[in-house]
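Taking it in order: structure first as C-alpha cells, then the write-up.
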Protein chains: 2
Amino acid sequence: MSEEKQLEKGEKPTLKTISRLSGLAVPTVSRALNDAPDIKKATKVKIREIAERIGYVPNRAGVRLRTGRTNVISLVLSTQHDLTNHTGSLISSIAGAMQGTPFHMNVTPYFPEEDIMKPIRYIVETRSADAIILNQVTPEDERVKYLMDHKFPFVTHGRSLWCDQHPYYDFDNEIVGNLALRRLVKRGRKNILLIAPPRDQFYAKHMIEGCNAAAADLGVQVTTHPTVTSDFPRVPLTDEVKSFLLDNPNIDGIICASTSAAMASVASLEKVGRTLGDDIDVFAKEAVSILEWFRPGILTVFEDVTAAGAFVARAAMQAVRQPGEPPMQFLEKPDF
Amino acid sequence: MSEEKQLEKGEKPTLKTISRLSGLAVPTVSRALNDAPDIKKATKVKIREIAERIGYVPNRAGVRLRTGRTNVISLVLSTQHDLTNHTGSLISSIAGAMQGTPFHMNVTPYFPEEDIMKPIRYIVETRSADAIILNQVTPEDERVKYLMDHKFPFVTHGRSLWCDQHPYYDFDNEIVGNLALRRLVKRGRKNILLIAPPRDQFYAKHMIEGCNAAAADLGVQVTTHPTVTSDFPRVPLTDEVKSFLLDNPNIDGIICASTSAAMASVASLEKVGRTLGDDIDVFAKEAVSILEWFRPGILTVFEDVTAAGAFVARAAMQAVRQPGEPPMQFLEKPDF
DNA sequence: AGACCTTTCTAAATCGATATAGATTTTTCT
DNA sequence: AGAAAAATCTATATCGATTTAGAAAGGTCT
C-alpha cells in the first residue's frame, strides 16, 4: 500500500475527495480553494497541491445550485444571417477571451419575428447566465431597459441611449460616415447616395449624421435612400438602387453600410450602364474583408469584430466579478 | 384573504412551492411532473395545472446535480474562420431545432493549433454536456474514437470511417465531385484542375473519388492540385493557381471545394490572361450563396448547412434521450 | 373478518458546493 | 498565569431536484 493516499480509479474528484486525502473538513477545503481569509497559508498550499495533483475541477451544478452563479455568459443573437455574417468570428473571439477563465459561453438565438424579449426574460427569470451580451442595439432598446431595471449584468455591442450607464463596445460609425463621404468627395464625387443601416439600429443615426456633417462641410449633396437599408436582401436592393439611379442620374457615389449592400449596388450599376470607378464610386463598410476580391476599386473600411468580441467578453466578465467598478466602455475610432 | 393559495410575489417557483400550493409532498410533485406510473391521474392533472399557472420551470442546477444530466448540447468548433463562414447559420439552425425542448446549446471553440482533444476531454470528464456535435471530421478522427470508447453521445457533421456506428449528417461530396466534372465536360472542358478540401478531411477523399470516377468514365483528365486545398488563404492560393495555370496551359476547368477557393481561382485567371466562361470554366461548391454576385458564369452547387444543423441537433437529442435506438444518419444527395 | 395485494403517497438521503455559526487552538496582553 | 482576542478549523444547514425504501389507504379474496 502506498504511503500517499490516492484517488480511486475512475472516481471524479470532489471536495470530499480532497477532504479525505488531506484530512481536513470539506468546508475548509472549499474555503482554501476560494482563498478565504480564515485559512492558514500552509493549508491553502497543501490543499491546492492536492487539488492540482488529482485534477480537481469544481462541479458547476453544485456551485450554481448553492450560489446562483452559473459561470455562463449568454450571447443573444438574431437568427437572421447573411453572407456579411461575421457571427462566427464574433463567437470565436468571445470564446477566446474566456479561455482560461471559469466562464463558458452560451449562444441563445432568437427569431426576430418573434418576441425579442423572450430569451432575455428567460435568462433573467431562470438565472441561466451571469451576464448577457447583446448586439444590434436600438436607441431605446427594450432589452437594455429591462436589464438595467433588473440590475442584470450585460454588455452591448453597439451603443444605446443610456450607454453611459452600461458597458459597451462600439465602432464609431459617425466617423465612418464622415470619412466615407470625404473619400468620395476627394475622388471628385458630389452627389452621394447613402444606403444606411436598418433605421431602428442606433448606428444608422450615427452613420447618417457623420455623412451629413461632412456633406454640409464640403458643400456636397447626400441623400439617404428612402426605402432600402443595408440589411435588405440583395435582389430587391439591386432593383431599388437601379431605379433610384435611373431617377437620379446625377448620383456619382454610393456609401453602403454593409458588404452585401455594396455587392447589390455594384450589380445595379451595370444594369443602368454606369461604370464603377469611372463615372461612379462605391464605398462600403465591411466586417468581412471580401469586397477587394469581388471587384477592384470598391472603397472599403474594415470593422474588426474580433476586437469587439474580445472586449465585450472581458466587459461581461468584469460586470459579473466587479459589479461595483465602472462599466467597461469603448468607442473604436476607425482610421482610414 | 383569497381562497386559492397564491405564489408570493417575486418568489421563484420550485417544487416546494407547488408542494405548498397543492398540499402534496415534494417528491410526489416531482414524480407527477415526470409522469411516473405511481401517481394518480387526477393528481398529475392537478399538479400540472398549478405548475402551468405559476410558471414553474425546473431549476437546471438542481436537475443536473441530482441526475448528472445537463440538458446541454455542445457544439465544438474550430476558431478558424473565413468568409465561407457558415458557422452562424449552423449555430442558428441547431438552436432553432432545440427551441421548445429542454436543451440548450453551448458553443465550445477550440484553437486548431492547440490540442484538438482538449475540449472533448473536458466535456466528457466534467460531464458538462449530454452530447457533442463535431464537424470537420477526419476519417480516423481521434475525437470520434475517444467518444465511442467512452460511450459518450455525439453526432458528426461529416462522416468518419466508423460512421455506421454513430449518428451523422453528411453531404455526399462524391456526387458533388462527379456531377461537377460532368458539368464541366458538358461545357466541352477536358483538362480539369481540382482544388480539393483539406487532405485530412474525409470529404476530400469523397470529392476526389467522385471526380476521378467521372473523369475515367468520360475519358477526360483531372488533376488534384498538388499543394493547395480549398481552405487556403486566398492570397497564396491565387499565386499557386496562377503558377499552376502557367505550367499547365491546357487546363480548361477548375473545380473548387469552397467559395473562397473559387474567388481566388477566378482572380488568378486574370493574371494569366484567361477568360472565365470563354477559354476556362470554374465550378464551386459553396455553403453561402454568393458567387453568383461575385462574377457571372461561375458554376455552383449549394450545400445547405441549415439542413445539416437541424438534423445534427435532432440526432444529438435522440442520442441522449433514446440511447438504445439506432443512430440517426443521413447522407444528403446533391441534386443539380 | 383477516390476510394479501395494489395503488398512491411520504420520509429521508443524496448529488457537490458554500454560508453561517460556533468550536477549537494559538497568540497577545495585563 | 489567566483572560481576552485573534486565527483557524469543523458541524450543520442549505440550494432544488430525484431516488429509494417504506408507510398508508384502498381493494380483493378466501
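Labels for the C-alpha cells follow display order: chains A, B, ..., residues from 1 in each chain, ligands from 1.
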- Long-range neighbours of region 22-24 of chain D as number ranges by chain, 9 Å cut-off, only C-alpha atoms (C1' of nucleotides), 4 positions minimum in chain: C: 8-11
Within 7 Å of chain B, which residues of chain A are there when counting only C-alpha atoms? Please give them as a PyMOL selection string.
-> chain A and resi 61-62+64-65+79+81+83+85+87-89+92+95+105-107+109+263+288+293-294
Using C-alpha atoms, can you export the residues from the last selection as a tab-separated table (two decimals), in the first residue's frame?
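In the end it all went to selection-v1.tsv:
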chain	number	residue	atom	x	y	z
A	61	ALA	CA	-24.03	22.30	-10.89
A	62	GLY	CA	-23.01	22.30	-7.25
A	64	ARG	CA	-24.64	27.03	-9.35
A	65	LEU	CA	-27.18	25.48	-7.06
A	79	THR	CA	-31.00	34.14	-36.32
A	81	HIS	CA	-27.99	35.87	-41.25
A	83	LEU	CA	-23.06	36.49	-46.04
A	85	ASN	CA	-22.22	37.17	-41.41
A	87	THR	CA	-21.19	35.78	-36.31
A	88	GLY	CA	-18.63	33.01	-36.40
A	89	SER	CA	-15.75	35.37	-35.75
A	92	SER	CA	-14.75	32.72	-31.60
A	95	ALA	CA	-14.85	32.34	-26.51
A	105	MET	CA	-20.23	30.85	-23.45
A	106	ASN	CA	-23.78	30.05	-24.31
A	107	VAL	CA	-25.39	31.14	-27.55
A	109	PRO	CA	-30.56	32.74	-30.70
A	263	MET	CA	-22.44	43.90	-53.87
A	288	VAL	CA	-15.51	40.58	-43.50
A	293	TRP	CA	-11.94	40.13	-54.15
A	294	PHE	CA	-15.30	40.97	-55.52
message: I need the residues in region 58-98 of chain B that are alpha helix (DSSP H) according to DSSP; give them as a VMD selection string.
response: chain B and resid 60 to 67 87 to 98
Take the selection from the previous step and output its residues with N, CA and C atoms, as a short mmCIF file (atom, residue, chain, number, x, y, z; two decimals), in the first residue's frame.
data_model
loop_
_atom_site.label_atom_id
_atom_site.label_comp_id
_atom_site.auth_asym_id
_atom_site.auth_seq_id
_atom_site.Cartn_x
_atom_site.Cartn_y
_atom_site.Cartn_z
N ARG B 60 -32.25 24.09 -13.43
CA ARG B 60 -31.33 23.22 -14.16
C ARG B 60 -30.20 22.71 -13.28
N ALA B 61 -29.77 23.54 -12.35
CA ALA B 61 -28.66 23.13 -11.49
C ALA B 61 -29.10 21.97 -10.60
N GLY B 62 -30.34 22.07 -10.12
CA GLY B 62 -30.85 21.00 -9.28
C GLY B 62 -30.91 19.69 -10.03
N VAL B 63 -31.50 19.74 -11.20
CA VAL B 63 -31.61 18.53 -12.02
C VAL B 63 -30.23 17.98 -12.34
N ARG B 64 -29.36 18.88 -12.73
CA ARG B 64 -28.03 18.44 -13.15
C ARG B 64 -27.26 17.81 -12.00
N LEU B 65 -27.38 18.41 -10.85
CA LEU B 65 -26.64 17.89 -9.70
C LEU B 65 -27.13 16.50 -9.33
N ARG B 66 -28.45 16.36 -9.33
CA ARG B 66 -29.00 15.09 -8.89
C ARG B 66 -28.83 13.98 -9.94
N THR B 67 -29.11 14.33 -11.19
CA THR B 67 -29.18 13.30 -12.21
C THR B 67 -27.91 13.19 -13.06
N THR B 87 -20.71 29.31 -40.15
CA THR B 87 -20.87 28.98 -38.74
C THR B 87 -22.13 29.59 -38.13
N GLY B 88 -22.37 30.83 -38.48
CA GLY B 88 -23.55 31.50 -37.93
C GLY B 88 -24.83 30.76 -38.28
N SER B 89 -24.95 30.36 -39.52
CA SER B 89 -26.17 29.65 -39.93
C SER B 89 -26.26 28.30 -39.25
N LEU B 90 -25.12 27.65 -39.13
CA LEU B 90 -25.11 26.34 -38.49
C LEU B 90 -25.61 26.47 -37.06
N ILE B 91 -25.07 27.45 -36.36
CA ILE B 91 -25.47 27.67 -34.97
C ILE B 91 -26.96 27.99 -34.87
N SER B 92 -27.42 28.87 -35.74
CA SER B 92 -28.84 29.23 -35.70
C SER B 92 -29.73 28.03 -35.93
N SER B 93 -29.36 27.22 -36.91
CA SER B 93 -30.24 26.12 -37.23
C SER B 93 -30.23 25.07 -36.13
N ILE B 94 -29.10 24.88 -35.50
CA ILE B 94 -29.05 23.94 -34.38
C ILE B 94 -29.93 24.46 -33.24
N ALA B 95 -29.74 25.72 -32.94
CA ALA B 95 -30.53 26.32 -31.86
C ALA B 95 -32.02 26.28 -32.19
N GLY B 96 -32.33 26.54 -33.45
CA GLY B 96 -33.73 26.51 -33.87
C GLY B 96 -34.35 25.15 -33.61
N ALA B 97 -33.60 24.10 -33.91
CA ALA B 97 -34.13 22.75 -33.72
C ALA B 97 -34.30 22.42 -32.24
N MET B 98 -33.62 23.18 -31.39
CA MET B 98 -33.72 22.89 -29.95
C MET B 98 -34.77 23.76 -29.26
#
At most 9 Å is the cut-off: for each residue in chain D with any atom that close to an atom of region 37-49 of chain A, write down the nearest atom pair and the distance in Å rounded to one decimal, counting only C-alpha atoms (C1' of nucleotides), chain first then increasing number, as a Markdown table.
| residue | atom | partner | partner_atom | distance |
| --- | --- | --- | --- | --- |
| D:DA7 | C1' | A:Asp38 | CA | 7.0 |
| D:DT8 | C1' | A:Ile39 | CA | 6.1 |
| D:DC9 | C1' | A:Ile39 | CA | 8.0 |
Take the residues from that selection and write them out as a compact mmCIF listing (two decimals), in the first residue's frame, keeping N, CA and C atoms (P, O5', C5', C4', C3', O3' and C1' of nucleotides).
# COMPACT_ATOMS: atom_id res chain seq x y z
P DA D 7 -5.86 37.92 13.30
O5' DA D 7 -5.73 36.33 13.28
C5' DA D 7 -4.60 35.73 13.91
C4' DA D 7 -4.72 34.23 13.81
C3' DA D 7 -5.03 33.69 12.41
O3' DA D 7 -4.12 32.64 12.17
C1' DA D 7 -6.58 32.83 13.97
P DT D 8 -4.06 31.93 10.75
O5' DT D 8 -5.06 30.72 10.97
C5' DT D 8 -4.64 29.62 11.77
C4' DT D 8 -5.79 28.68 11.94
C3' DT D 8 -6.34 28.08 10.64
O3' DT D 8 -5.95 26.72 10.60
C1' DT D 8 -8.04 28.60 12.20
P DC D 9 -6.23 25.86 9.29
O5' DC D 9 -7.57 25.12 9.71
C5' DC D 9 -7.50 24.11 10.73
C4' DC D 9 -8.88 23.93 11.35
C3' DC D 9 -9.87 23.16 10.47
O3' DC D 9 -9.92 21.81 10.90
C1' DC D 9 -10.89 24.96 11.68
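Look at DT30 (chain C): the protein and nucleic acid residues within 12 Å of it, using only C-alpha atoms (C1' of nucleotides) and passing over chain neighbours fewer than 5 places away, are DA1, DG2, DA3 and DA4 of chain D.
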For the selection you just gave me, I'd like the residues written to a file as a CSV table (one decimal), in the first residue's frame, keeping N, CA and C atoms (P, O5', C5', C4', C3', O3' and C1' of nucleotides).
chain,number,residue,atom,x,y,z
D,1,DA,P,2.5,29.6,33.9
D,1,DA,O5',1.7,30.6,34.9
D,1,DA,C5',1.3,30.3,36.2
D,1,DA,C4',0.1,31.2,36.5
D,1,DA,C3',-1.2,30.7,35.8
D,1,DA,O3',-2.3,30.9,36.7
D,1,DA,C1',-0.6,32.8,34.9
D,2,DG,P,-3.6,30.1,36.5
D,2,DG,O5',-4.5,31.3,35.8
D,2,DG,C5',-4.7,32.5,36.6
D,2,DG,C4',-5.5,33.5,35.7
D,2,DG,C3',-6.6,32.8,34.9
D,2,DG,O3',-7.8,33.7,35.0
D,2,DG,C1',-5.1,33.9,33.4
D,3,DA,P,-9.1,33.3,34.2
D,3,DA,O5',-9.2,34.6,33.2
D,3,DA,C5',-9.0,35.9,33.8
D,3,DA,C4',-9.0,36.9,32.6
D,3,DA,C3',-10.2,36.7,31.7
D,3,DA,O3',-10.7,38.0,31.3
D,3,DA,C1',-8.2,36.4,30.4
D,4,DA,P,-12.0,38.1,30.4
D,4,DA,O5',-11.4,38.6,29.0
D,4,DA,C5',-10.5,39.7,29.1
D,4,DA,C4',-9.9,39.9,27.7
D,4,DA,C3',-10.9,39.9,26.5
D,4,DA,O3',-10.7,41.0,25.7
D,4,DA,C1',-9.2,38.3,26.1
Practice task
Select all residues from chain C having any atom no more than 8 Å from an atom of chain A (counting only C-alpha atoms (C1' of nucleotides), ignoring ligands), output as a VMD selection string.
Solution key: chain C and resid 16 to 18
Print the selection's residues with C-alpha atoms (C1' of nucleotides) to a file, as a short mmCIF file (atom, residue, chain, number, x, y, z; two decimals), in the first residue's frame.
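And here is the file that came out, part-v5.cif:
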data_model
loop_
_atom_site.label_atom_id
_atom_site.label_comp_id
_atom_site.auth_asym_id
_atom_site.auth_seq_id
_atom_site.Cartn_x
_atom_site.Cartn_y
_atom_site.Cartn_z
"C1'" DG C 16 -21.40 18.91 -4.72
"C1'" DA C 17 -20.72 23.05 -3.37
"C1'" DT C 18 -20.83 27.16 0.09
#
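The part of chain D that reaches within 12 Å of chain A is made up of DA6, DA7, DT8, DC9, DT10, DA11, DT12, DA13, DT14, DC15, DG16 and DA17 of chain D, counting only C-alpha atoms (C1' of nucleotides).
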Taking the DSSP assignment computed from this structure's backbone, write out as an mmCIF file with N, CA and C atoms, in the first residue's frame all residues of region 50-230 of chain B that belong to strand (DSSP E).
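Saved result, selection-v7.cif, follows:
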data_model
loop_
_atom_site.group_PDB
_atom_site.id
_atom_site.type_symbol
_atom_site.label_atom_id
_atom_site.label_comp_id
_atom_site.auth_asym_id
_atom_site.auth_seq_id
_atom_site.Cartn_x
_atom_site.Cartn_y
_atom_site.Cartn_z
ATOM 1 N N VAL B 72 -27.600 20.106 -21.902
ATOM 2 C CA VAL B 72 -26.782 20.959 -22.755
ATOM 3 C C VAL B 72 -26.208 20.102 -23.876
ATOM 4 N N ILE B 73 -26.219 20.661 -25.073
ATOM 5 C CA ILE B 73 -25.547 20.014 -26.184
ATOM 6 C C ILE B 73 -24.452 20.949 -26.667
ATOM 7 N N SER B 74 -23.249 20.418 -26.717
ATOM 8 C CA SER B 74 -22.099 21.265 -27.027
ATOM 9 C C SER B 74 -21.711 21.137 -28.485
ATOM 10 N N LEU B 75 -21.600 22.277 -29.110
ATOM 11 C CA LEU B 75 -21.114 22.312 -30.473
ATOM 12 C C LEU B 75 -19.646 22.685 -30.403
ATOM 13 N N VAL B 76 -18.798 21.784 -30.821
ATOM 14 C CA VAL B 76 -17.350 22.008 -30.714
ATOM 15 C C VAL B 76 -16.825 22.454 -32.069
ATOM 16 N N LEU B 77 -16.343 23.692 -32.129
ATOM 17 C CA LEU B 77 -15.978 24.293 -33.401
ATOM 18 C C LEU B 77 -14.556 24.808 -33.414
ATOM 19 N N SER B 78 -13.959 24.715 -34.563
ATOM 20 C CA SER B 78 -12.654 25.348 -34.734
ATOM 21 C C SER B 78 -12.832 26.859 -34.796
ATOM 22 N N HIS B 104 -30.306 23.197 -24.195
ATOM 23 C CA HIS B 104 -29.637 24.443 -24.535
ATOM 24 C C HIS B 104 -28.419 24.114 -25.377
ATOM 25 N N MET B 105 -27.983 25.089 -26.164
ATOM 26 C CA MET B 105 -26.776 24.875 -26.940
ATOM 27 C C MET B 105 -25.606 25.643 -26.342
ATOM 28 N N ASN B 106 -24.499 24.979 -26.330
ATOM 29 C CA ASN B 106 -23.290 25.580 -25.812
ATOM 30 C C ASN B 106 -22.250 25.503 -26.913
ATOM 31 N N VAL B 107 -21.557 26.597 -27.180
ATOM 32 C CA VAL B 107 -20.543 26.570 -28.228
ATOM 33 C C VAL B 107 -19.165 26.530 -27.589
ATOM 34 N N THR B 108 -18.428 25.490 -27.877
ATOM 35 C CA THR B 108 -17.086 25.342 -27.341
ATOM 36 C C THR B 108 -16.086 25.441 -28.471
ATOM 37 N N PRO B 109 -15.411 26.557 -28.597
ATOM 38 C CA PRO B 109 -14.454 26.689 -29.690
ATOM 39 C C PRO B 109 -13.109 26.105 -29.281
ATOM 40 N N TYR B 110 -12.379 25.645 -30.251
ATOM 41 C CA TYR B 110 -11.017 25.211 -29.942
ATOM 42 C C TYR B 110 -10.074 25.856 -30.939
ATOM 43 N N ALA B 131 -24.350 15.754 -24.841
ATOM 44 C CA ALA B 131 -23.930 15.264 -26.154
ATOM 45 C C ALA B 131 -23.054 16.307 -26.821
ATOM 46 N N ILE B 132 -22.297 15.852 -27.792
ATOM 47 C CA ILE B 132 -21.364 16.730 -28.501
ATOM 48 C C ILE B 132 -21.670 16.666 -29.988
ATOM 49 N N ILE B 133 -21.568 17.816 -30.645
ATOM 50 C CA ILE B 133 -21.652 17.856 -32.099
ATOM 51 C C ILE B 133 -20.286 18.250 -32.646
ATOM 52 N N LEU B 134 -19.759 17.419 -33.537
ATOM 53 C CA LEU B 134 -18.437 17.671 -34.123
ATOM 54 C C LEU B 134 -18.583 17.996 -35.597
ATOM 55 N N PHE B 154 -22.701 11.556 -29.243
ATOM 56 C CA PHE B 154 -22.194 12.593 -30.133
ATOM 57 C C PHE B 154 -22.752 12.398 -31.529
ATOM 58 N N VAL B 155 -22.655 13.463 -32.315
ATOM 59 C CA VAL B 155 -23.070 13.430 -33.714
ATOM 60 C C VAL B 155 -21.982 14.116 -34.518
ATOM 61 N N THR B 156 -21.743 13.619 -35.706
ATOM 62 C CA THR B 156 -20.770 14.309 -36.542
ATOM 63 C C THR B 156 -21.456 14.956 -37.734
ATOM 64 N N HIS B 157 -20.944 16.111 -38.092
ATOM 65 C CA HIS B 157 -21.328 16.738 -39.342
ATOM 66 C C HIS B 157 -20.218 16.334 -40.310
ATOM 67 N N TYR B 168 -24.719 10.697 -37.812
ATOM 68 C CA TYR B 168 -24.020 11.710 -38.604
ATOM 69 C C TYR B 168 -24.956 12.309 -39.635
ATOM 70 N N TYR B 169 -24.537 13.440 -40.153
ATOM 71 C CA TYR B 169 -25.162 14.024 -41.328
ATOM 72 C C TYR B 169 -24.017 14.334 -42.266
ATOM 73 N N ASP B 170 -24.190 14.011 -43.520
ATOM 74 C CA ASP B 170 -23.138 14.383 -44.462
ATOM 75 C C ASP B 170 -23.762 14.750 -45.793
ATOM 76 N N PHE B 171 -23.039 15.574 -46.488
ATOM 77 C CA PHE B 171 -23.399 15.976 -47.834
ATOM 78 C C PHE B 171 -22.579 15.063 -48.732
ATOM 79 N N ASN B 191 -9.600 19.203 -69.485
ATOM 80 C CA ASN B 191 -8.462 19.104 -68.557
ATOM 81 C C ASN B 191 -8.779 19.892 -67.297
ATOM 82 N N ILE B 192 -9.113 19.133 -66.276
ATOM 83 C CA ILE B 192 -9.683 19.762 -65.093
ATOM 84 C C ILE B 192 -8.690 19.802 -63.937
ATOM 85 N N LEU B 193 -8.647 20.950 -63.284
ATOM 86 C CA LEU B 193 -7.868 21.081 -62.047
ATOM 87 C C LEU B 193 -8.844 21.041 -60.880
ATOM 88 N N LEU B 194 -8.534 20.200 -59.901
ATOM 89 C CA LEU B 194 -9.387 20.124 -58.714
ATOM 90 C C LEU B 194 -8.683 20.749 -57.516
ATOM 91 N N ILE B 195 -9.294 21.762 -56.954
ATOM 92 C CA ILE B 195 -8.789 22.306 -55.687
ATOM 93 C C ILE B 195 -9.633 21.671 -54.602
ATOM 94 N N GLN B 221 -9.219 14.297 -68.338
ATOM 95 C CA GLN B 221 -8.117 14.332 -67.385
ATOM 96 C C GLN B 221 -8.487 15.194 -66.179
ATOM 97 N N VAL B 222 -8.267 14.697 -64.960
ATOM 98 C CA VAL B 222 -8.456 15.551 -63.790
ATOM 99 C C VAL B 222 -7.210 15.471 -62.916
ATOM 100 N N THR B 223 -6.745 16.633 -62.490
ATOM 101 C CA THR B 223 -5.542 16.704 -61.663
ATOM 102 C C THR B 223 -5.900 17.397 -60.354
ATOM 103 N N THR B 224 -5.592 16.755 -59.252
ATOM 104 C CA THR B 224 -5.791 17.422 -57.971
ATOM 105 C C THR B 224 -4.585 18.319 -57.712
#
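For the atom pair formed by CA of Leu331 (chain B) and CA of Glu303 (chain B), the distance is 12.2 Å, given to one decimal.
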